[in-house]
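Asks: One structure coming up, written as C-alpha cells, with questions to follow.
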Amino acid sequence: MKIGFIGMGNMGYAMLKGILNVVKSTDVIFSEPNKERAVDITRQTGVESVDSNAECANNVKYIILAVKPQFYPQVLKNIENVVRNDQVIISIAPGITMDYLKKTLGIDKRFVRVMPNTPALIGCGMTGVCFDDNDFDYEEKEVIDMIFTSFGRYRRVDERLMSAVTCASGSSPAYVYMFIEALADSAVKYGMPRDMAYEMVAQTVMGSAKMVLETKEHPGKLKDNVCSPAGTTIAGVSALEEFGFRNAIIKATDECYKKCEGL
C-alpha cells in the first residue's frame, strides 16, 4: 500500500499527520508546488516529496487530491494520462462531484469523495465520506476506514449531502473559533487575563461538545440543564436570542451551502 498526496496545504498536512500514526513515512509521498514548504514538510515528517503531480499519482495505490477546487482542472490534467483503474482516488474539495471526476478522468476510475476538517491535525477531525461500495474490495474499504479513523471520526453520507457536510463540519471550525474569541473577549472586558480566558472558554467548548457526543442527549436538553429559573445563564441565553445568535448561524450556513453548490 502506498499513499500519495497531491497538494500539501493546511488540510493535506492535517490528514498526513494523522495517517502517519498508522503507516510508515516511507509508505507516503507527496507533491507540492511550493518547494520551500515541501522541504519543510519532509523535514518535519520524513515523508519524501516528488517533482510533479504525475509522478506522485503514478507511484501510489491511493491518490489524495488535497488541493482547492479552483486548482482541480489543472491537477486533473496533470494526472489524466497516468491514473489507473486499480487506483483509489480520494477527493477532498467542496463542490467537486463524482460525476465531474468521472467525466474528467474516466468513468472506469474509482473515486471516494470526502470532506474533512482541520481538527484532524490533532486527531479530532470529523469527515464526511462518500463512495460506492460496489467499486471497492474488502481490503480497499479497510484502508479507507484506516485513513479516516487515523485523524478522528467519519460518517458515510450520500453525495447529495456533501455540501451540507461542508456546512456542518468542514467550514464550521472557523465559526467555533470566532465564538471562542468573542466569549474570551467578553471575559477580558471584565478583568480576566487573556490567556486564562482562552483556556477557560476553549475547555468549556470541548467539554460541551463531548457532553453531546457521549451522553447522546439533545443539545436543547443539555442547554436547559444549565439554565436555572431566573438565573444567570437564562439571562445570557435570552440576550443571544434577542440579538439573533441562531439566525446568524443559519445564515452563515446558507451562504456556505450556496458557495459549495456554486463551485
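Labels used: A, B, ... for chains in the order of the C-alpha cells, numbers from 1 for residues in each chain, and numbers from 1 for ligands as shown.
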For segment 54-62 of chain A, work out the shell of residues within 12 Å, counting only C-alpha atoms and skipping chain neighbours fewer than 3 positions away, then give it as a PyMOL selection string.
Replies: chain A and resi 1-7+26-32+48-51+65+74-91+110-112+140-141+143-144+147
Asks: What does the file look like for those residues with C-alpha atoms, as a tab-separated table (two decimals), in the first residue's frame?
Replies:
```tsv
chain	number	residue	atom	x	y	z
A	1	MET	CA	0.00	0.00	0.00
A	2	LYS	CA	1.30	3.44	-0.94
A	3	ILE	CA	-0.49	6.76	-0.38
A	4	GLY	CA	0.21	9.91	-2.36
A	5	PHE	CA	-0.91	13.44	-1.54
A	6	ILE	CA	-1.24	15.91	-4.39
A	7	GLY	CA	-1.02	19.21	-2.53
A	26	THR	CA	8.08	5.51	3.62
A	27	ASP	CA	4.54	4.46	2.67
A	28	VAL	CA	3.60	8.05	1.76
A	29	ILE	CA	4.81	10.55	-0.84
A	30	PHE	CA	3.52	13.98	-1.84
A	31	SER	CA	3.80	16.67	-4.49
A	32	GLU	CA	3.72	20.35	-3.58
A	48	GLU	CA	9.51	12.45	0.71
A	49	SER	CA	8.23	14.83	-1.93
A	50	VAL	CA	8.32	14.19	-5.68
A	51	ASP	CA	8.76	16.65	-8.51
A	65	LEU	CA	-6.31	15.19	-4.16
A	74	GLN	CA	-5.07	21.77	-13.88
A	75	VAL	CA	-4.30	18.96	-11.41
A	76	LEU	CA	-6.59	16.50	-13.18
A	77	LYS	CA	-4.97	17.41	-16.49
A	78	ASN	CA	-1.57	16.72	-14.90
A	79	ILE	CA	-2.55	13.17	-13.91
A	80	GLU	CA	-5.10	12.08	-16.53
A	81	ASN	CA	-2.55	10.07	-18.53
A	82	VAL	CA	-1.11	8.16	-15.57
A	83	VAL	CA	-4.08	7.22	-13.35
A	84	ARG	CA	-5.08	3.56	-13.50
A	85	ASN	CA	-8.23	1.56	-12.83
A	86	ASP	CA	-6.64	-0.24	-9.87
A	87	GLN	CA	-6.06	3.04	-8.00
A	88	VAL	CA	-8.32	4.70	-5.42
A	89	ILE	CA	-8.71	8.44	-5.97
A	90	ILE	CA	-9.77	10.43	-2.90
A	91	SER	CA	-11.08	13.97	-3.46
A	110	ARG	CA	-12.81	4.77	-8.81
A	111	PHE	CA	-13.40	7.70	-6.50
A	112	VAL	CA	-14.00	8.47	-2.85
A	140	GLU	CA	-9.56	-1.29	-0.08
A	141	LYS	CA	-12.51	-0.44	2.17
A	143	VAL	CA	-7.69	1.05	4.06
A	144	ILE	CA	-10.27	3.81	3.50
A	147	ILE	CA	-7.22	6.56	6.69
```
Asks: Any idea what's packed within 10 Å of segment 16-18 of chain A, counting only C-alpha atoms, ignoring anything in its chain fewer than 5 positions away? Could you give it as a list in words?
Replies: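 Listing them by chain and then by number gives Ile3, Gly4, Phe5, Met8, Asn10, Met11, Val23, Ser25, Val28, Ile29, Phe30, Ile41, Gln44, Thr45, Val47, Ala120, Leu121, Ile122, Gly123, Cys124, Gly125, Ile147, Phe148, Thr149, Ser150, Phe151 and Gly152 of chain A.
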Asks: Output N, CA, C and O atoms of each residue in that selection to a file, as a CSV table (one decimal), in the first residue's frame.
Replies:
```csv
chain,number,residue,atom,x,y,z
A,3,ILE,N,0.4,5.6,-0.3
A,3,ILE,CA,-0.5,6.8,-0.4
A,3,ILE,C,0.2,8.0,-0.9
A,3,ILE,O,1.4,8.3,-0.5
A,4,GLY,N,-0.4,8.7,-1.8
A,4,GLY,CA,0.2,9.9,-2.4
A,4,GLY,C,-0.7,11.1,-2.2
A,4,GLY,O,-1.9,11.0,-2.5
A,5,PHE,N,-0.2,12.2,-1.7
A,5,PHE,CA,-0.9,13.4,-1.5
A,5,PHE,C,-0.5,14.4,-2.7
A,5,PHE,O,0.7,14.6,-2.9
A,8,MET,N,-0.1,19.9,-0.4
A,8,MET,CA,0.2,19.8,1.0
A,8,MET,C,-0.1,21.1,1.7
A,8,MET,O,0.8,21.7,2.3
A,10,ASN,N,-2.9,23.3,4.3
A,10,ASN,CA,-3.3,23.0,5.7
A,10,ASN,C,-4.1,21.7,5.9
A,10,ASN,O,-3.8,21.0,6.9
A,11,MET,N,-5.0,21.5,5.0
A,11,MET,CA,-5.8,20.2,5.2
A,11,MET,C,-5.0,19.0,4.8
A,11,MET,O,-5.1,18.0,5.5
A,23,VAL,N,0.7,4.4,9.4
A,23,VAL,CA,1.6,3.9,8.4
A,23,VAL,C,3.0,4.5,8.6
A,23,VAL,O,3.1,5.5,9.3
A,25,SER,N,6.4,6.5,7.3
A,25,SER,CA,6.6,7.6,6.4
A,25,SER,C,7.0,7.2,5.0
A,25,SER,O,6.8,7.9,4.1
A,28,VAL,N,4.3,6.8,2.2
A,28,VAL,CA,3.6,8.0,1.8
A,28,VAL,C,4.6,8.9,1.0
A,28,VAL,O,5.8,9.0,1.3
A,29,ILE,N,4.1,9.5,-0.1
A,29,ILE,CA,4.8,10.6,-0.8
A,29,ILE,C,3.9,11.7,-1.1
A,29,ILE,O,2.6,11.6,-0.9
A,30,PHE,N,4.4,12.9,-1.5
A,30,PHE,CA,3.5,14.0,-1.8
A,30,PHE,C,4.2,14.9,-2.9
A,30,PHE,O,5.4,14.9,-3.1
A,41,ILE,N,8.0,20.2,5.0
A,41,ILE,CA,7.2,19.1,5.4
A,41,ILE,C,8.0,17.8,5.5
A,41,ILE,O,7.8,17.0,6.4
A,44,GLN,N,9.9,17.8,8.8
A,44,GLN,CA,9.0,17.6,9.9
A,44,GLN,C,8.6,16.1,10.0
A,44,GLN,O,8.4,15.6,11.1
A,45,THR,N,8.3,15.5,8.9
A,45,THR,CA,7.6,14.2,8.9
A,45,THR,C,8.4,13.0,8.4
A,45,THR,O,8.1,11.9,8.6
A,47,VAL,N,8.5,12.3,5.3
A,47,VAL,CA,7.8,11.9,4.1
A,47,VAL,C,8.5,12.6,2.9
A,47,VAL,O,8.6,13.8,2.9
A,120,ALA,N,-8.4,17.6,12.3
A,120,ALA,CA,-7.7,16.4,12.0
A,120,ALA,C,-6.2,16.5,12.5
A,120,ALA,O,-5.6,15.5,12.8
A,121,LEU,N,-5.7,17.7,12.5
A,121,LEU,CA,-4.3,18.0,12.8
A,121,LEU,C,-4.0,17.4,14.2
A,121,LEU,O,-2.9,17.0,14.5
A,122,ILE,N,-5.0,17.4,15.1
A,122,ILE,CA,-4.7,16.9,16.5
A,122,ILE,C,-5.5,15.6,16.8
A,122,ILE,O,-5.8,15.3,17.9
A,123,GLY,N,-5.9,15.0,15.7
A,123,GLY,CA,-6.6,13.7,15.8
A,123,GLY,C,-8.1,13.8,16.2
A,123,GLY,O,-8.7,12.8,16.6
A,124,CYS,N,-8.7,15.0,16.0
A,124,CYS,CA,-10.1,15.2,16.4
A,124,CYS,C,-10.9,15.7,15.2
A,124,CYS,O,-11.9,16.4,15.4
A,125,GLY,N,-10.5,15.2,14.0
A,125,GLY,CA,-11.3,15.6,12.8
A,125,GLY,C,-12.6,14.9,12.7
A,125,GLY,O,-12.9,13.9,13.4
A,147,ILE,N,-7.6,5.2,7.0
A,147,ILE,CA,-7.2,6.6,6.7
A,147,ILE,C,-8.1,7.5,7.5
A,147,ILE,O,-7.6,8.4,8.2
A,148,PHE,N,-9.4,7.3,7.4
A,148,PHE,CA,-10.3,8.4,8.0
A,148,PHE,C,-10.6,8.2,9.5
A,148,PHE,O,-11.2,9.1,10.1
A,149,THR,N,-10.1,7.1,10.1
A,149,THR,CA,-10.1,7.0,11.5
A,149,THR,C,-8.8,7.4,12.1
A,149,THR,O,-8.7,7.5,13.4
A,150,SER,N,-7.8,7.6,11.3
A,150,SER,CA,-6.4,7.9,11.8
A,150,SER,C,-6.3,9.3,12.3
A,150,SER,O,-5.4,9.6,13.1
A,151,PHE,N,-7.3,10.2,12.0
A,151,PHE,CA,-7.3,11.6,12.5
A,151,PHE,C,-8.6,12.0,13.0
A,151,PHE,O,-8.9,13.2,13.1
A,152,GLY,N,-9.5,11.1,13.4
A,152,GLY,CA,-10.7,11.4,14.1
A,152,GLY,C,-11.8,10.5,13.7
A,152,GLY,O,-11.6,9.3,13.5
```
Asks: May I ask for the distance between atom CA of Pro69 of chain A and atom CA of Arg43 of chain A, given in Å to one decimal place?
Replies: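 Distance reported for this atom pair: 27.7 Å.
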Asks: Identify which of the residues A:Phe243, A:Asp99, A:Thr232, A:Met115 lies closest to Ala164 of chain A, counting only C-alpha atoms when measuring atom-to-atom distances.
Replies: A:Met115
Asks: If you measure from atom CA of Val237 of chain A to atom CA of Asn225 of chain A, what distance in Å do you get, rounded to one decimal?
Replies: 12.6 Å
Asks: Under the rule that only C-alpha atoms are counted, which of A:Pro116, A:Pro173, A:Pro33, A:Gly46 is the nearest residue to Tyr154 of chain A?
Replies: A:Pro116
Asks: Extract, using only C-alpha atoms, all DNA, RNA and protein residues at most 9 Å from segment 182-188 of chain A, discarding same-chain residues fewer than 3 positions from it, and format them as JSON, numbers by chain.
Replies: {"A": [177, 178, 179, 191, 192, 193, 194, 195, 196, 197, 198, 199, 200, 201, 202]}
Asks: Can you tell me which residues surround Cys256 of chain A at a distance of at most 8 Å, considering only C-alpha atoms, apart from same-chain residues fewer than 3 positions away, and format the answer as number ranges by chain?
Replies: A: 166-167, 171, 252-253, 259-260
Asks: As a count of residues only, list the residues of segment 53-253 of chain A assigned to helix (DSSP H, G or I) by DSSP on the backbone atoms of this structure.
Replies: 124
Asks: Hey, can you check how far atom CA of Thr97 of chain A sits from atom CA of Ala66 of chain A?
Replies: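 If I compute the distance from atom CA of Thr97 of chain A to atom CA of Ala66 of chain A, I get 14.6 Å.
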Asks: Find the residues near Cys130 of chain A: any atom within 8 Å, counting only C-alpha atoms, skip ones fewer than 3 places away on the same chain, and give them as a PyMOL selection string.
Replies: chain A and resi 112-114+156-159
Asks: As a ChimeraX atom specification, please: every residue in segment 30-257 of chain A that a backbone DSSP assignment puts in strand (DSSP E).
Replies: /A:30-31,48-50,62-65,88-91,110-115,125-130,152-156
Asks: Keeping only N, CA, C and O atoms, write the selected residues to a file as a short mmCIF file (atom, residue, chain, number, x, y, z; two decimals), in the first residue's frame.
Replies:
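The result, stored in part_29.cif:
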```
data_model
loop_
_atom_site.label_atom_id
_atom_site.label_comp_id
_atom_site.auth_asym_id
_atom_site.auth_seq_id
_atom_site.Cartn_x
_atom_site.Cartn_y
_atom_site.Cartn_z
N PHE A 30 4.39 12.85 -1.52
CA PHE A 30 3.52 13.98 -1.84
C PHE A 30 4.17 14.86 -2.89
O PHE A 30 5.39 14.85 -3.07
N SER A 31 3.33 15.62 -3.58
CA SER A 31 3.80 16.67 -4.49
C SER A 31 3.26 17.99 -3.99
O SER A 31 2.13 18.07 -3.49
N GLU A 48 8.81 11.88 1.85
CA GLU A 48 9.51 12.45 0.71
C GLU A 48 8.54 13.10 -0.27
O GLU A 48 7.44 12.61 -0.50
N SER A 49 9.00 14.19 -0.87
CA SER A 49 8.23 14.83 -1.93
C SER A 49 8.76 14.38 -3.29
O SER A 49 9.90 13.91 -3.40
N VAL A 50 7.91 14.48 -4.30
CA VAL A 50 8.32 14.19 -5.68
C VAL A 50 8.12 15.44 -6.52
O VAL A 50 7.49 16.40 -6.08
N TYR A 62 -3.19 4.77 -3.54
CA TYR A 62 -4.23 5.70 -3.06
C TYR A 62 -3.77 7.13 -3.33
O TYR A 62 -2.74 7.56 -2.80
N ILE A 63 -4.54 7.85 -4.15
CA ILE A 63 -4.21 9.23 -4.51
C ILE A 63 -5.16 10.16 -3.77
O ILE A 63 -6.39 10.06 -3.94
N ILE A 64 -4.63 11.05 -2.95
CA ILE A 64 -5.46 12.02 -2.24
C ILE A 64 -5.27 13.39 -2.90
O ILE A 64 -4.17 13.96 -2.89
N LEU A 65 -6.35 13.89 -3.50
CA LEU A 65 -6.31 15.19 -4.16
C LEU A 65 -6.59 16.26 -3.12
O LEU A 65 -7.74 16.58 -2.83
N VAL A 88 -7.21 4.08 -6.14
CA VAL A 88 -8.32 4.70 -5.42
C VAL A 88 -8.03 6.19 -5.35
O VAL A 88 -6.99 6.60 -4.81
N ILE A 89 -8.91 6.99 -5.90
CA ILE A 89 -8.71 8.44 -5.97
C ILE A 89 -9.63 9.11 -4.95
O ILE A 89 -10.85 8.98 -5.04
N ILE A 90 -9.03 9.81 -4.00
CA ILE A 90 -9.77 10.43 -2.90
C ILE A 90 -9.75 11.94 -3.10
O ILE A 90 -8.69 12.56 -3.15
N SER A 91 -10.94 12.52 -3.21
CA SER A 91 -11.08 13.97 -3.46
C SER A 91 -11.61 14.65 -2.21
O SER A 91 -12.62 14.22 -1.64
N ARG A 110 -12.07 4.97 -10.07
CA ARG A 110 -12.81 4.77 -8.81
C ARG A 110 -12.49 5.88 -7.84
O ARG A 110 -11.33 6.18 -7.57
N PHE A 111 -13.55 6.48 -7.30
CA PHE A 111 -13.40 7.70 -6.50
C PHE A 111 -14.03 7.56 -5.12
O PHE A 111 -15.04 6.89 -4.94
N VAL A 112 -13.43 8.26 -4.17
CA VAL A 112 -14.00 8.47 -2.85
C VAL A 112 -14.06 9.98 -2.66
O VAL A 112 -13.03 10.66 -2.77
N ARG A 113 -15.25 10.49 -2.40
CA ARG A 113 -15.39 11.92 -2.16
C ARG A 113 -15.53 12.16 -0.66
O ARG A 113 -16.36 11.52 0.00
N VAL A 114 -14.73 13.07 -0.13
CA VAL A 114 -14.73 13.29 1.32
C VAL A 114 -14.70 14.78 1.64
O VAL A 114 -14.32 15.60 0.81
N MET A 115 -15.11 15.11 2.86
CA MET A 115 -14.96 16.47 3.37
C MET A 115 -14.44 16.36 4.80
O MET A 115 -15.21 16.10 5.73
N GLY A 125 -10.54 15.20 14.03
CA GLY A 125 -11.26 15.61 12.84
C GLY A 125 -12.62 14.94 12.72
O GLY A 125 -12.90 13.92 13.36
N MET A 126 -13.47 15.53 11.89
CA MET A 126 -14.75 14.94 11.51
C MET A 126 -14.84 14.98 10.00
O MET A 126 -14.68 16.05 9.40
N THR A 127 -15.08 13.81 9.38
CA THR A 127 -15.05 13.71 7.93
C THR A 127 -16.32 13.07 7.42
O THR A 127 -16.77 12.06 7.96
N GLY A 128 -16.90 13.67 6.40
CA GLY A 128 -17.96 13.02 5.64
C GLY A 128 -17.34 12.24 4.50
O GLY A 128 -16.47 12.77 3.79
N VAL A 129 -17.74 10.99 4.30
CA VAL A 129 -17.13 10.11 3.30
C VAL A 129 -18.22 9.51 2.43
O VAL A 129 -19.21 8.97 2.92
N CYS A 130 -18.00 9.59 1.12
CA CYS A 130 -18.98 9.10 0.15
C CYS A 130 -18.28 8.23 -0.88
O CYS A 130 -17.30 8.67 -1.50
N GLY A 152 -9.47 11.06 13.44
CA GLY A 152 -10.73 11.44 14.05
C GLY A 152 -11.85 10.48 13.71
O GLY A 152 -11.64 9.29 13.53
N ARG A 153 -13.05 11.02 13.58
CA ARG A 153 -14.24 10.24 13.25
C ARG A 153 -14.63 10.50 11.79
O ARG A 153 -14.27 11.53 11.22
N TYR A 154 -15.42 9.55 11.23
CA TYR A 154 -16.04 9.83 9.94
C TYR A 154 -17.42 9.21 9.91
O TYR A 154 -17.74 8.30 10.67
N ARG A 155 -18.26 9.74 9.02
CA ARG A 155 -19.57 9.18 8.75
C ARG A 155 -19.75 9.01 7.26
O ARG A 155 -19.39 9.89 6.47
N ARG A 156 -20.30 7.87 6.84
CA ARG A 156 -20.67 7.67 5.45
C ARG A 156 -21.91 8.50 5.16
O ARG A 156 -22.87 8.50 5.94
#
```
Asks: What's around Gln70 of chain A at 10 Å? Count only C-alpha atoms, leave out sequence neighbours fewer than 2 positions away in its own chain, and write the answer as a PyMOL selection string.
Replies: chain A and resi 67-68+72-75+93+96+263
Asks: Print the selection's residues with C-alpha atoms to a file, as a compact mmCIF listing (two decimals), in the first residue's frame.
Replies:
```txt
# COMPACT_ATOMS: atom_id res chain seq x y z
CA VAL A 67 -5.99 20.94 -3.46
CA LYS A 68 -8.60 23.69 -3.59
CA TYR A 72 -8.74 20.79 -9.93
CA PRO A 73 -8.85 21.36 -13.72
CA GLN A 74 -5.07 21.77 -13.88
CA VAL A 75 -4.30 18.96 -11.41
CA ALA A 93 -12.63 19.53 -2.41
CA ILE A 96 -16.25 18.77 -6.96
CA LEU A 263 -18.22 25.84 -7.18
```
